[in-house]
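See below for the structure under consideration.
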Amino acid sequence: TSSNQNICARPDLFAFQIGSGIAIAYCGVMGFVTWHVTQSVYSKLPSTPEGRLFGYLRESENLAAANFTFQLWDFFVSLAIPEHATPVLLLHHAAAALVSWFSLSFQVLHYYGVFFLGCSEVSSVFLVFIDLARYFPPSAGSPFDRFISVCQPAFFVTFGWYRIVLWWKVSFLLWKDILYVLRSGRAEELRPGKSFCLYIYLFLNVALGLLQVFWFGIILQEAHKVLSG
C-alpha cells in the first residue's frame with residue numbers, strides 16, 4: 001500500500017533500529033553469558049550484601065559503560081524520530097542512563113547491573129527485529145517473515161521471564177541488600193558520601209519495574225488480538 005511504502009522509505013528508522021540492535025545485542029549477550037554461562041556474578045563477587053552492592057566485576061563495568069552510552073544516544077536521537085519521542089520512552093532512557101552512570105562513577109551494584117543492564121535486554125534483541133518488520137513489512141512467506149514469526153513468541157517469553165518474573169525476584173534481593181547496608185551504616189563506610197544513590201536506585205527500581213508490567217499488559221493485549229484472529 002502507499003501507506004506502507006511511506007513507512008518503508010524511512011532511512012532514519014532503519015538506521016536507528018540497526019544502531020539500537022548492535023548495542024542491545026551486546027548488552028543482552030554479555031548479560032546472559034555473565035549471569036547464566038560463566039556465572040561470574042557468583043564466582044567473582046562475594047555472596048553478601050556488600051559483595052553484591054560494592055564488589056567489582058569487569059563485565060558489569062563494561063555493561064554500564066555500554067548502557068550509559070547507548071541510553072544517552074537513544075535519548076537524543078529519539079528526539080528527532082516521532083515514533084520514539086514519547087515521554088515514557090524518553091524518561092526510560094534518562095533513568096537507565098542515570099543508574100548506569102552511578103554504577104560507573106561510584107562502582108556500585110555490579111551484581112545487579114549484570115541483570116538489569118544485561119539480562120533484561122535479552123527480550124529487546126527480538127524486539128529490534130519485530131520493530132524492523134513493523135516499519136519495513138516483509139513479503140509474506142519470505143525468510144525474514146518466517147524469522148519474525150519465531151521472534152514474536154521468543155520476545156513474549158523472554159520479556160515475561162526476565163522483565164516480569166526475574167525482575168521482581170532480583171528486585172526483592174536488591175531491596176533487602178540496600179536496606180541492610182543503609183541501616184547498618186556499611187554503605188557510608190564503603191562509599192562515603194555516595195549512599196544517596198542507593199535511595200535513587202530503590203525508587204527507579206520500582207518505577208521501571210511497574211513500567212515493565214505496563215508494557216507486558218500491552219504485549220498481552222496484542223497477543224490476544226493475534227490469537228483471536
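A note on labels: chains of the C-alpha cells are A, B, ... as shown, every chain counts residues from 1, and ligands are counted from 1 in their shown order.
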Near segment 179-193 of chain A, within 10 Å and counting only C-alpha atoms, which residues show up once chain neighbours fewer than 6 positions away are dropped, as a VMD selection string?
chain A and resid 49 to 50 53 to 54 106 to 108 173 199 202
Put those residues in a file: all heavy atoms, as a PDB file, in the first residue's frame.
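As written to disk, selection_15.pdb reads:
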ATOM      1  N   PRO A  49      25.572  -8.880  51.011  1.00  0.00           N
ATOM      2  CA  PRO A  49      25.042  -7.577  50.562  1.00  0.00           C
ATOM      3  C   PRO A  49      26.154  -6.647  50.096  1.00  0.00           C
ATOM      4  O   PRO A  49      26.032  -5.988  49.051  1.00  0.00           O
ATOM      5  CB  PRO A  49      24.334  -7.051  51.811  1.00  0.00           C
ATOM      6  CG  PRO A  49      23.911  -8.281  52.543  1.00  0.00           C
ATOM      7  CD  PRO A  49      25.033  -9.250  52.327  1.00  0.00           C
ATOM      8  N   GLU A  50      27.256  -6.614  50.861  1.00  0.00           N
ATOM      9  CA  GLU A  50      28.376  -5.745  50.484  1.00  0.00           C
ATOM     10  C   GLU A  50      29.000  -6.193  49.158  1.00  0.00           C
ATOM     11  O   GLU A  50      29.377  -5.364  48.328  1.00  0.00           O
ATOM     12  CB  GLU A  50      29.450  -5.757  51.578  1.00  0.00           C
ATOM     13  CG  GLU A  50      29.013  -5.123  52.890  1.00  0.00           C
ATOM     14  CD  GLU A  50      28.357  -6.111  53.841  1.00  0.00           C
ATOM     15  OE1 GLU A  50      27.975  -7.226  53.377  1.00  0.00           O
ATOM     16  OE2 GLU A  50      28.230  -5.797  55.032  1.00  0.00           O
ATOM     17  N   LEU A  53      26.592  -5.334  46.227  1.00  0.00           N
ATOM     18  CA  LEU A  53      26.409  -3.895  46.016  1.00  0.00           C
ATOM     19  C   LEU A  53      27.710  -3.159  45.714  1.00  0.00           C
ATOM     20  O   LEU A  53      27.712  -2.195  44.937  1.00  0.00           O
ATOM     21  CB  LEU A  53      25.740  -3.258  47.241  1.00  0.00           C
ATOM     22  CG  LEU A  53      24.315  -3.707  47.543  1.00  0.00           C
ATOM     23  CD1 LEU A  53      23.831  -3.083  48.838  1.00  0.00           C
ATOM     24  CD2 LEU A  53      23.377  -3.333  46.402  1.00  0.00           C
ATOM     25  N   PHE A  54      28.808  -3.575  46.329  1.00  0.00           N
ATOM     26  CA  PHE A  54      30.050  -2.803  46.217  1.00  0.00           C
ATOM     27  C   PHE A  54      31.232  -3.580  45.632  1.00  0.00           C
ATOM     28  O   PHE A  54      32.316  -3.018  45.481  1.00  0.00           O
ATOM     29  CB  PHE A  54      30.428  -2.246  47.588  1.00  0.00           C
ATOM     30  CG  PHE A  54      29.331  -1.437  48.231  1.00  0.00           C
ATOM     31  CD1 PHE A  54      28.775  -1.831  49.446  1.00  0.00           C
ATOM     32  CD2 PHE A  54      28.841  -0.301  47.614  1.00  0.00           C
ATOM     33  CE1 PHE A  54      27.752  -1.096  50.039  1.00  0.00           C
ATOM     34  CE2 PHE A  54      27.819   0.446  48.202  1.00  0.00           C
ATOM     35  CZ  PHE A  54      27.274   0.047  49.412  1.00  0.00           C
ATOM     36  N   PHE A 106      30.459   5.517  40.804  1.00  0.00           N
ATOM     37  CA  PHE A 106      30.578   5.149  42.215  1.00  0.00           C
ATOM     38  C   PHE A 106      30.965   3.685  42.427  1.00  0.00           C
ATOM     39  O   PHE A 106      31.135   3.256  43.561  1.00  0.00           O
ATOM     40  CB  PHE A 106      29.265   5.436  42.948  1.00  0.00           C
ATOM     41  CG  PHE A 106      28.832   6.877  42.880  1.00  0.00           C
ATOM     42  CD1 PHE A 106      27.498   7.221  43.069  1.00  0.00           C
ATOM     43  CD2 PHE A 106      29.739   7.899  42.633  1.00  0.00           C
ATOM     44  CE1 PHE A 106      27.089   8.546  43.014  1.00  0.00           C
ATOM     45  CE2 PHE A 106      29.338   9.228  42.584  1.00  0.00           C
ATOM     46  CZ  PHE A 106      28.016   9.558  42.772  1.00  0.00           C
ATOM     47  N   GLN A 107      31.068   2.919  41.320  1.00  0.00           N
ATOM     48  CA  GLN A 107      31.407   1.493  41.427  1.00  0.00           C
ATOM     49  C   GLN A 107      30.446   0.765  42.370  1.00  0.00           C
ATOM     50  O   GLN A 107      30.841   0.202  43.396  1.00  0.00           O
ATOM     51  CB  GLN A 107      32.853   1.327  41.895  1.00  0.00           C
ATOM     52  CG  GLN A 107      33.902   1.816  40.899  1.00  0.00           C
ATOM     53  CD  GLN A 107      33.991   0.956  39.647  1.00  0.00           C
ATOM     54  OE1 GLN A 107      34.390  -0.194  39.695  1.00  0.00           O
ATOM     55  NE2 GLN A 107      33.613   1.524  38.512  1.00  0.00           N
ATOM     56  N   VAL A 108      29.182   0.786  42.015  1.00  0.00           N
ATOM     57  CA  VAL A 108      28.159   0.150  42.839  1.00  0.00           C
ATOM     58  C   VAL A 108      27.277  -0.771  41.994  1.00  0.00           C
ATOM     59  O   VAL A 108      27.194  -0.630  40.782  1.00  0.00           O
ATOM     60  CB  VAL A 108      27.255   1.192  43.544  1.00  0.00           C
ATOM     61  CG1 VAL A 108      28.049   1.991  44.558  1.00  0.00           C
ATOM     62  CG2 VAL A 108      26.606   2.133  42.527  1.00  0.00           C
ATOM     63  N   LEU A 173      15.775  -9.088  46.323  1.00  0.00           N
ATOM     64  CA  LEU A 173      17.113  -9.204  46.912  1.00  0.00           C
ATOM     65  C   LEU A 173      17.817  -7.850  46.916  1.00  0.00           C
ATOM     66  O   LEU A 173      18.534  -7.515  47.869  1.00  0.00           O
ATOM     67  CB  LEU A 173      17.939 -10.228  46.136  1.00  0.00           C
ATOM     68  CG  LEU A 173      19.328 -10.558  46.710  1.00  0.00           C
ATOM     69  CD1 LEU A 173      19.218 -11.109  48.121  1.00  0.00           C
ATOM     70  CD2 LEU A 173      20.053 -11.543  45.797  1.00  0.00           C
ATOM     71  N   TYR A 199      19.192   5.231  47.422  1.00  0.00           N
ATOM     72  CA  TYR A 199      17.774   5.608  47.512  1.00  0.00           C
ATOM     73  C   TYR A 199      17.193   5.837  46.115  1.00  0.00           C
ATOM     74  O   TYR A 199      16.041   5.471  45.848  1.00  0.00           O
ATOM     75  CB  TYR A 199      17.611   6.879  48.349  1.00  0.00           C
ATOM     76  CG  TYR A 199      17.957   6.704  49.803  1.00  0.00           C
ATOM     77  CD1 TYR A 199      19.194   7.103  50.303  1.00  0.00           C
ATOM     78  CD2 TYR A 199      17.036   6.146  50.696  1.00  0.00           C
ATOM     79  CE1 TYR A 199      19.508   6.947  51.644  1.00  0.00           C
ATOM     80  CE2 TYR A 199      17.344   5.986  52.035  1.00  0.00           C
ATOM     81  CZ  TYR A 199      18.580   6.393  52.505  1.00  0.00           C
ATOM     82  OH  TYR A 199      18.899   6.225  53.835  1.00  0.00           O
ATOM     83  N   LEU A 202      16.482   2.506  44.522  1.00  0.00           N
ATOM     84  CA  LEU A 202      15.250   1.879  45.008  1.00  0.00           C
ATOM     85  C   LEU A 202      14.032   2.478  44.327  1.00  0.00           C
ATOM     86  O   LEU A 202      13.116   1.758  43.901  1.00  0.00           O
ATOM     87  CB  LEU A 202      15.142   2.045  46.527  1.00  0.00           C
ATOM     88  CG  LEU A 202      16.148   1.256  47.364  1.00  0.00           C
ATOM     89  CD1 LEU A 202      15.923   1.525  48.849  1.00  0.00           C
ATOM     90  CD2 LEU A 202      16.045  -0.237  47.076  1.00  0.00           C
TER      91      LEU A 202
END
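With only C-alpha atoms taken into account, the protein and nucleic acid residues at most 10 Å from Leu166 of chain A (excluding it and anything under 5 positions from it in its own chain) are A:Phe115, A:Phe116, A:Cys119, A:Ser120, A:Phe159, A:Gly160, A:Trp161, A:Ser171, A:Phe172.
Coordinates place atom CA of Leu91 of chain A at a distance of 22.4 Å from atom CA of Val170 of chain A.
The smallest atom-to-atom distance between Arg134 of chain A and any of A:Gln152, A:Gln221, A:Gln71, A:Thr86, using only C-alpha atoms, is found for A:Gln152.
Closest approach to Gly209 of chain A from the set A:Ser195, A:Phe75, A:Met30, A:Trp168 is made by A:Trp168, with distances taken over only C-alpha atoms.
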Restricting to only C-alpha atoms, whichever of A:Tyr201, A:Phe68, A:Trp101, A:Tyr111 is closest to Ser47 of chain A is A:Tyr111
12 Å contact set for segment 147-150 of chain A, only C-alpha atoms, chain neighbours under 2 positions out, as a list in words
Val125, Phe126, Leu127, Val128, Phe129, Ile130, Asp131, Leu132, Ala133, Arg134, Phe136, Pro137, Pro138, Ser139, Ala140, Gly141, Ser142, Pro143, Phe144, Asp145, Gln152, Pro153, Ala154, Phe155, Phe156, Val157 and Val226 of chain A
Would you write out those residues with C-alpha atoms, as a JSON list (two decimals), in the first residue's frame?
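Okay, this is what ended up in out.json:
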[["chain", "number", "residue", "atom", "x", "y", "z"],
["A", 125, "VAL", "CA", 17.08, -8.32, 20.85],
["A", 126, "PHE", "CA", 13.96, -9.95, 19.40],
["A", 127, "LEU", "CA", 12.02, -6.67, 19.61],
["A", 128, "VAL", "CA", 14.54, -4.97, 17.32],
["A", 129, "PHE", "CA", 13.66, -7.39, 14.51],
["A", 130, "ILE", "CA", 9.94, -7.17, 15.26],
["A", 131, "ASP", "CA", 10.10, -3.38, 15.01],
["A", 132, "LEU", "CA", 12.05, -3.65, 11.76],
["A", 133, "ALA", "CA", 9.25, -5.79, 10.35],
["A", 134, "ARG", "CA", 6.66, -3.29, 11.60],
["A", 136, "PHE", "CA", 9.55, -2.33, 6.89],
["A", 137, "PRO", "CA", 6.93, -5.09, 6.37],
["A", 138, "PRO", "CA", 8.46, -8.24, 4.82],
["A", 139, "SER", "CA", 6.83, -10.13, 1.97],
["A", 140, "ALA", "CA", 4.53, -12.91, 3.15],
["A", 141, "GLY", "CA", 6.36, -16.22, 3.30],
["A", 142, "SER", "CA", 9.80, -14.67, 2.86],
["A", 143, "PRO", "CA", 12.72, -15.85, 5.04],
["A", 144, "PHE", "CA", 12.55, -12.63, 7.04],
["A", 145, "ASP", "CA", 8.81, -13.08, 7.51],
["A", 152, "GLN", "CA", 7.45, -12.82, 18.24],
["A", 153, "PRO", "CA", 6.91, -15.74, 20.66],
["A", 154, "ALA", "CA", 10.59, -15.54, 21.71],
["A", 155, "PHE", "CA", 10.08, -11.89, 22.63],
["A", 156, "PHE", "CA", 6.92, -12.71, 24.60],
["A", 157, "VAL", "CA", 8.60, -15.49, 26.58],
["A", 226, "VAL", "CA", -3.30, -12.11, 17.09]]
